[in-house]
Amino acid sequence: MRALAYLRVSTDEQRDRGHSIDAQRRAVEQYAALHGLDLVGIVLDEGVSAGVPLAKRKGGAELGLRLAAGDAVAVIAPAIDRLFRDVLDGLAFYRWADDHDVAVHSIRESIDTSSPAGWMQLAMLLVAGEYERRVSRVRTKAVSDHLRQQGRVYGPTPYGCVRRGNDLLRCPEAWAVREAIVQLYRAGS
């Protein structure tokens, strides 16, 4: 069975979690050999979030085109979160894959969508992945809001402000310009 591998990393994940392309490639090659799959190509997306729809990623679009052209009848990913963190995007892809007799294999979760059990596992994990992404977004916003309320620096210095240690202060020369920009924005200009 001909298979394409799909590998993806975002910049933060490469640095923080060690999801390097080389480690993913080795895992996919070992999986293909173990399961008798003929690995005919590797599609990469580097520096892109799984929250971006698969078809809108350069590598994701290539994967879809190659599968539609019949280059392979299976996709191997190191983990579901390499492909998706959006449940609707994931389900749309898997519906398309199912309609075109393309099996999706996820190494970490031991998923093979050529079976009904694999399909069910996949659907459940897509929901869990999106839940994780949404919880992270809420947590990050709560921390940012708390730091902002305290006037603490937590990212790039906003226009019209200056940093003094961990404090964020208004810059007298630029604050009036900042306020004018905010007013124009709120007015829809």
# chains A, B, ... in the order shown; residues from 1 in each chain; ligands from 1
$ residues_around --residues "Val104 of chain A" --least-positions-apart "3" --cutoff "12 Å" --atoms "only C-alpha atoms" --output "PDB file with N, CA, C and O atoms, in the first residue's frame"
ATOM      1  N   ARG A   2       0.699   2.144  -0.983  1.00  0.00           N
ATOM      2  CA  ARG A   2       1.487   3.362  -1.100  1.00  0.00           C
ATOM      3  C   ARG A   2       1.017   4.388  -0.064  1.00  0.00           C
ATOM      4  O   ARG A   2      -0.186   4.637   0.064  1.00  0.00           O
ATOM      5  N   ALA A   3       1.971   4.999   0.624  1.00  0.00           N
ATOM      6  CA  ALA A   3       1.631   5.965   1.673  1.00  0.00           C
ATOM      7  C   ALA A   3       2.482   7.222   1.546  1.00  0.00           C
ATOM      8  O   ALA A   3       3.646   7.170   1.145  1.00  0.00           O
ATOM      9  N   LEU A   4       1.863   8.341   1.891  1.00  0.00           N
ATOM     10  CA  LEU A   4       2.553   9.616   2.032  1.00  0.00           C
ATOM     11  C   LEU A   4       2.633   9.951   3.517  1.00  0.00           C
ATOM     12  O   LEU A   4       1.674   9.724   4.249  1.00  0.00           O
ATOM     13  N   ALA A   5       3.756  10.480   3.930  1.00  0.00           N
ATOM     14  CA  ALA A   5       3.888  10.947   5.307  1.00  0.00           C
ATOM     15  C   ALA A   5       3.589  12.441   5.339  1.00  0.00           C
ATOM     16  O   ALA A   5       3.916  13.163   4.401  1.00  0.00           O
ATOM     17  N   TYR A   6       2.952  12.888   6.417  1.00  0.00           N
ATOM     18  CA  TYR A   6       2.731  14.314   6.623  1.00  0.00           C
ATOM     19  C   TYR A   6       3.407  14.695   7.931  1.00  0.00           C
ATOM     20  O   TYR A   6       3.083  14.163   8.995  1.00  0.00           O
ATOM     21  N   LEU A  37       3.946  -0.745   4.716  1.00  0.00           N
ATOM     22  CA  LEU A  37       3.500   0.354   3.860  1.00  0.00           C
ATOM     23  C   LEU A  37       4.674   0.861   3.018  1.00  0.00           C
ATOM     24  O   LEU A  37       5.793   0.979   3.521  1.00  0.00           O
ATOM     25  N   LEU A  67      -2.819  13.103  -3.016  1.00  0.00           N
ATOM     26  CA  LEU A  67      -3.776  12.018  -2.742  1.00  0.00           C
ATOM     27  C   LEU A  67      -4.843  11.968  -3.839  1.00  0.00           C
ATOM     28  O   LEU A  67      -5.201  10.888  -4.309  1.00  0.00           O
ATOM     29  N   ALA A  72      -0.888   8.049  -3.571  1.00  0.00           N
ATOM     30  CA  ALA A  72      -0.889   7.159  -2.409  1.00  0.00           C
ATOM     31  C   ALA A  72      -2.322   6.884  -1.988  1.00  0.00           C
ATOM     32  O   ALA A  72      -3.241   7.619  -2.364  1.00  0.00           O
ATOM     33  N   VAL A  73      -2.499   5.826  -1.212  1.00  0.00           N
ATOM     34  CA  VAL A  73      -3.824   5.473  -0.682  1.00  0.00           C
ATOM     35  C   VAL A  73      -3.818   5.482   0.849  1.00  0.00           C
ATOM     36  O   VAL A  73      -4.746   4.995   1.475  1.00  0.00           O
ATOM     37  N   ALA A  74      -2.758   6.050   1.419  1.00  0.00           N
ATOM     38  CA  ALA A  74      -2.668   6.164   2.878  1.00  0.00           C
ATOM     39  C   ALA A  74      -1.832   7.379   3.237  1.00  0.00           C
ATOM     40  O   ALA A  74      -0.954   7.786   2.481  1.00  0.00           O
ATOM     41  N   VAL A  75      -2.139   7.952   4.394  1.00  0.00           N
ATOM     42  CA  VAL A  75      -1.371   9.052   4.967  1.00  0.00           C
ATOM     43  C   VAL A  75      -0.892   8.587   6.327  1.00  0.00           C
ATOM     44  O   VAL A  75      -1.668   8.023   7.105  1.00  0.00           O
ATOM     45  N   ILE A  76       0.387   8.829   6.616  1.00  0.00           N
ATOM     46  CA  ILE A  76       0.933   8.508   7.935  1.00  0.00           C
ATOM     47  C   ILE A  76       1.346   9.819   8.590  1.00  0.00           C
ATOM     48  O   ILE A  76       2.088  10.600   7.997  1.00  0.00           O
ATOM     49  N   ALA A  77       0.856  10.054   9.802  1.00  0.00           N
ATOM     50  CA  ALA A  77       1.256  11.231  10.581  1.00  0.00           C
ATOM     51  C   ALA A  77       1.795  10.747  11.929  1.00  0.00           C
ATOM     52  O   ALA A  77       1.307   9.759  12.471  1.00  0.00           O
ATOM     53  N   PRO A  78       2.778  11.428  12.469  1.00  0.00           N
ATOM     54  CA  PRO A  78       3.301  11.036  13.778  1.00  0.00           C
ATOM     55  C   PRO A  78       2.249  11.108  14.883  1.00  0.00           C
ATOM     56  O   PRO A  78       2.287  10.355  15.836  1.00  0.00           O
ATOM     57  N   ALA A  79       1.284  12.041  14.733  1.00  0.00           N
ATOM     58  CA  ALA A  79       0.211  12.210  15.716  1.00  0.00           C
ATOM     59  C   ALA A  79      -0.900  13.026  15.070  1.00  0.00           C
ATOM     60  O   ALA A  79      -0.668  13.776  14.124  1.00  0.00           O
ATOM     61  N   ILE A  80      -2.103  12.873  15.592  1.00  0.00           N
ATOM     62  CA  ILE A  80      -3.253  13.618  15.058  1.00  0.00           C
ATOM     63  C   ILE A  80      -3.003  15.118  15.110  1.00  0.00           C
ATOM     64  O   ILE A  80      -3.356  15.844  14.181  1.00  0.00           O
ATOM     65  N   LEU A  83      -1.645  16.927  12.135  1.00  0.00           N
ATOM     66  CA  LEU A  83      -2.576  17.223  11.047  1.00  0.00           C
ATOM     67  C   LEU A  83      -3.582  18.304  11.426  1.00  0.00           C
ATOM     68  O   LEU A  83      -3.808  19.231  10.660  1.00  0.00           O
ATOM     69  N   GLY A  90     -10.664  18.646  10.521  1.00  0.00           N
ATOM     70  CA  GLY A  90     -10.277  17.241  10.576  1.00  0.00           C
ATOM     71  C   GLY A  90     -11.360  16.321  10.044  1.00  0.00           C
ATOM     72  O   GLY A  90     -11.094  15.416   9.253  1.00  0.00           O
ATOM     73  N   LEU A  91     -12.591  16.545  10.473  1.00  0.00           N
ATOM     74  CA  LEU A  91     -13.688  15.691  10.006  1.00  0.00           C
ATOM     75  C   LEU A  91     -13.920  15.844   8.501  1.00  0.00           C
ATOM     76  O   LEU A  91     -14.203  14.856   7.808  1.00  0.00           O
ATOM     77  N   PHE A  93     -11.639  16.552   6.244  1.00  0.00           N
ATOM     78  CA  PHE A  93     -10.571  15.811   5.564  1.00  0.00           C
ATOM     79  C   PHE A  93     -10.818  14.307   5.641  1.00  0.00           C
ATOM     80  O   PHE A  93     -10.686  13.599   4.639  1.00  0.00           O
ATOM     81  N   TYR A  94     -11.166  13.834   6.815  1.00  0.00           N
ATOM     82  CA  TYR A  94     -11.365  12.389   6.960  1.00  0.00           C
ATOM     83  C   TYR A  94     -12.581  11.894   6.190  1.00  0.00           C
ATOM     84  O   TYR A  94     -12.573  10.779   5.692  1.00  0.00           O
ATOM     85  N   ARG A  95     -13.599  12.726   6.050  1.00  0.00           N
ATOM     86  CA  ARG A  95     -14.744  12.356   5.211  1.00  0.00           C
ATOM     87  C   ARG A  95     -14.275  12.234   3.762  1.00  0.00           C
ATOM     88  O   ARG A  95     -14.597  11.283   3.064  1.00  0.00           O
ATOM     89  N   TRP A  96     -13.484  13.217   3.300  1.00  0.00           N
ATOM     90  CA  TRP A  96     -12.944  13.164   1.945  1.00  0.00           C
ATOM     91  C   TRP A  96     -12.075  11.916   1.787  1.00  0.00           C
ATOM     92  O   TRP A  96     -12.201  11.187   0.792  1.00  0.00           O
ATOM     93  N   ALA A  97     -11.196  11.674   2.743  1.00  0.00           N
ATOM     94  CA  ALA A  97     -10.305  10.507   2.667  1.00  0.00           C
ATOM     95  C   ALA A  97     -11.117   9.211   2.619  1.00  0.00           C
ATOM     96  O   ALA A  97     -10.817   8.312   1.820  1.00  0.00           O
ATOM     97  N   ASP A  98     -12.149   9.109   3.438  1.00  0.00           N
ATOM     98  CA  ASP A  98     -12.990   7.919   3.460  1.00  0.00           C
ATOM     99  C   ASP A  98     -13.690   7.729   2.109  1.00  0.00           C
ATOM    100  O   ASP A  98     -13.737   6.618   1.580  1.00  0.00           O
ATOM    101  N   HIS A 100     -12.628   8.579  -0.712  1.00  0.00           N
ATOM    102  CA  HIS A 100     -11.630   8.262  -1.743  1.00  0.00           C
ATOM    103  C   HIS A 100     -10.771   7.047  -1.365  1.00  0.00           C
ATOM    104  O   HIS A 100      -9.706   6.837  -1.952  1.00  0.00           O
ATOM    105  N   ASP A 101     -11.240   6.265  -0.392  1.00  0.00           N
ATOM    106  CA  ASP A 101     -10.521   5.060   0.048  1.00  0.00           C
ATOM    107  C   ASP A 101      -9.074   5.342   0.447  1.00  0.00           C
ATOM    108  O   ASP A 101      -8.158   4.586   0.113  1.00  0.00           O
ATOM    109  N   ILE A 107       0.530   7.528  14.309  1.00  0.00           N
ATOM    110  CA  ILE A 107       1.431   6.656  15.071  1.00  0.00           C
ATOM    111  C   ILE A 107       1.173   6.742  16.569  1.00  0.00           C
ATOM    112  O   ILE A 107       0.961   5.722  17.232  1.00  0.00           O
ATOM    113  N   GLU A 109      -1.297   7.684  18.440  1.00  0.00           N
ATOM    114  CA  GLU A 109      -2.592   7.214  18.924  1.00  0.00           C
ATOM    115  C   GLU A 109      -2.964   5.820  18.415  1.00  0.00           C
ATOM    116  O   GLU A 109      -4.030   5.320  18.730  1.00  0.00           O
ATOM    117  N   SER A 110      -2.097   5.207  17.615  1.00  0.00           N
ATOM    118  CA  SER A 110      -2.354   3.878  17.032  1.00  0.00           C
ATOM    119  C   SER A 110      -3.677   3.855  16.272  1.00  0.00           C
ATOM    120  O   SER A 110      -4.493   2.955  16.461  1.00  0.00           O
ATOM    121  N   ILE A 111      -3.876   4.828  15.414  1.00  0.00           N
ATOM    122  CA  ILE A 111      -5.108   4.928  14.642  1.00  0.00           C
ATOM    123  C   ILE A 111      -4.858   4.499  13.204  1.00  0.00           C
ATOM    124  O   ILE A 111      -3.856   4.868  12.596  1.00  0.00           O
ATOM    125  N   ASP A 112      -5.790   3.730  12.683  1.00  0.00           N
ATOM    126  CA  ASP A 112      -5.821   3.359  11.271  1.00  0.00           C
ATOM    127  C   ASP A 112      -7.288   3.458  10.862  1.00  0.00           C
ATOM    128  O   ASP A 112      -8.110   2.636  11.259  1.00  0.00           O
ATOM    129  N   THR A 113      -7.614   4.478  10.067  1.00  0.00           N
ATOM    130  CA  THR A 113      -9.019   4.741   9.749  1.00  0.00           C
ATOM    131  C   THR A 113      -9.614   3.775   8.734  1.00  0.00           C
ATOM    132  O   THR A 113     -10.759   3.938   8.341  1.00  0.00           O
ATOM    133  N   SER A 114      -8.861   2.761   8.346  1.00  0.00           N
ATOM    134  CA  SER A 114      -9.454   1.765   7.454  1.00  0.00           C
ATOM    135  C   SER A 114     -10.388   0.828   8.214  1.00  0.00           C
ATOM    136  O   SER A 114     -11.090   0.032   7.617  1.00  0.00           O
ATOM    137  N   SER A 115     -10.433   0.973   9.554  1.00  0.00           N
ATOM    138  CA  SER A 115     -11.369   0.173  10.366  1.00  0.00           C
ATOM    139  C   SER A 115     -12.380   1.100  11.034  1.00  0.00           C
ATOM    140  O   SER A 115     -12.072   2.269  11.305  1.00  0.00           O
ATOM    141  N   GLY A 118     -10.970   2.587  14.182  1.00  0.00           N
ATOM    142  CA  GLY A 118     -10.025   3.671  13.913  1.00  0.00           C
ATOM    143  C   GLY A 118     -10.734   4.978  13.618  1.00  0.00           C
ATOM    144  O   GLY A 118     -10.327   6.042  14.063  1.00  0.00           O
ATOM    145  N   TRP A 119     -11.830   4.897  12.867  1.00  0.00           N
ATOM    146  CA  TRP A 119     -12.625   6.085  12.553  1.00  0.00           C
ATOM    147  C   TRP A 119     -13.194   6.701  13.836  1.00  0.00           C
ATOM    148  O   TRP A 119     -13.138   7.912  14.036  1.00  0.00           O
ATOM    149  N   GLN A 121     -12.078   6.366  16.966  1.00  0.00           N
ATOM    150  CA  GLN A 121     -10.976   6.930  17.747  1.00  0.00           C
ATOM    151  C   GLN A 121     -10.595   8.301  17.214  1.00  0.00           C
ATOM    152  O   GLN A 121     -10.372   9.237  17.971  1.00  0.00           O
ATOM    153  N   LEU A 122     -10.496   8.382  15.908  1.00  0.00           N
ATOM    154  CA  LEU A 122     -10.103   9.630  15.283  1.00  0.00           C
ATOM    155  C   LEU A 122     -11.075  10.758  15.622  1.00  0.00           C
ATOM    156  O   LEU A 122     -10.669  11.846  16.014  1.00  0.00           O
TER     157      LEU A 122
END
$ select_by_dssp --residues "segment 9-170 of chain A" --states "strand (DSSP E or B)" --output "number ranges by chain"
A: 9, 38-46, 74-77, 103-106, 111-112, 152, 161-164, 167-170
$ closest_residue --among "A:Leu7, A:Ala92, A:Arg139, A:Ala23" --to "Gly47 of chain A" --atoms "only C-alpha atoms"
A:Leu7
$ select_by_dssp --residues "segment 7-171 of chain A" --states "alpha helix (DSSP H)" --output "PyMOL selection string"
chain A and resi 11-17+21-34+58-68+80-83+87-99+116-149
$ closest_atom_pairs --of "segment 60-154 of chain A" --to "segment 160-173 of chain A" --cutoff "9 Å" --atoms "only C-alpha atoms" --output "JSON lines"
{"residue": "A:Arg148", "atom": "CA", "partner": "A:Leu168", "partner_atom": "CA", "distance": 8.8}
{"residue": "A:Gln150", "atom": "CA", "partner": "A:Asp167", "partner_atom": "CA", "distance": 8.5}
{"residue": "A:Gly151", "atom": "CA", "partner": "A:Leu168", "partner_atom": "CA", "distance": 5.5}
{"residue": "A:Arg152", "atom": "CA", "partner": "A:Asp167", "partner_atom": "CA", "distance": 4.8}
{"residue": "A:Val153", "atom": "CA", "partner": "A:Asn166", "partner_atom": "CA", "distance": 5.4}
{"residue": "A:Tyr154", "atom": "CA", "partner": "A:Asn166", "partner_atom": "CA", "distance": 8.3}
$ write_last_selection --atoms "C-alpha atoms" --output "mmCIF file, in the first residue's frame"
data_model
loop_
_atom_site.group_PDB
_atom_site.id
_atom_site.type_symbol
_atom_site.label_atom_id
_atom_site.label_comp_id
_atom_site.auth_asym_id
_atom_site.auth_seq_id
_atom_site.Cartn_x
_atom_site.Cartn_y
_atom_site.Cartn_z
ATOM 1 C CA ARG A 148 -2.340 44.034 31.603
ATOM 2 C CA GLN A 150 -1.454 45.199 36.752
ATOM 3 C CA GLY A 151 0.368 47.286 34.149
ATOM 4 C CA ARG A 152 3.015 44.557 33.822
ATOM 5 C CA VAL A 153 5.023 43.862 30.696
ATOM 6 C CA TYR A 154 4.117 40.513 29.113
#
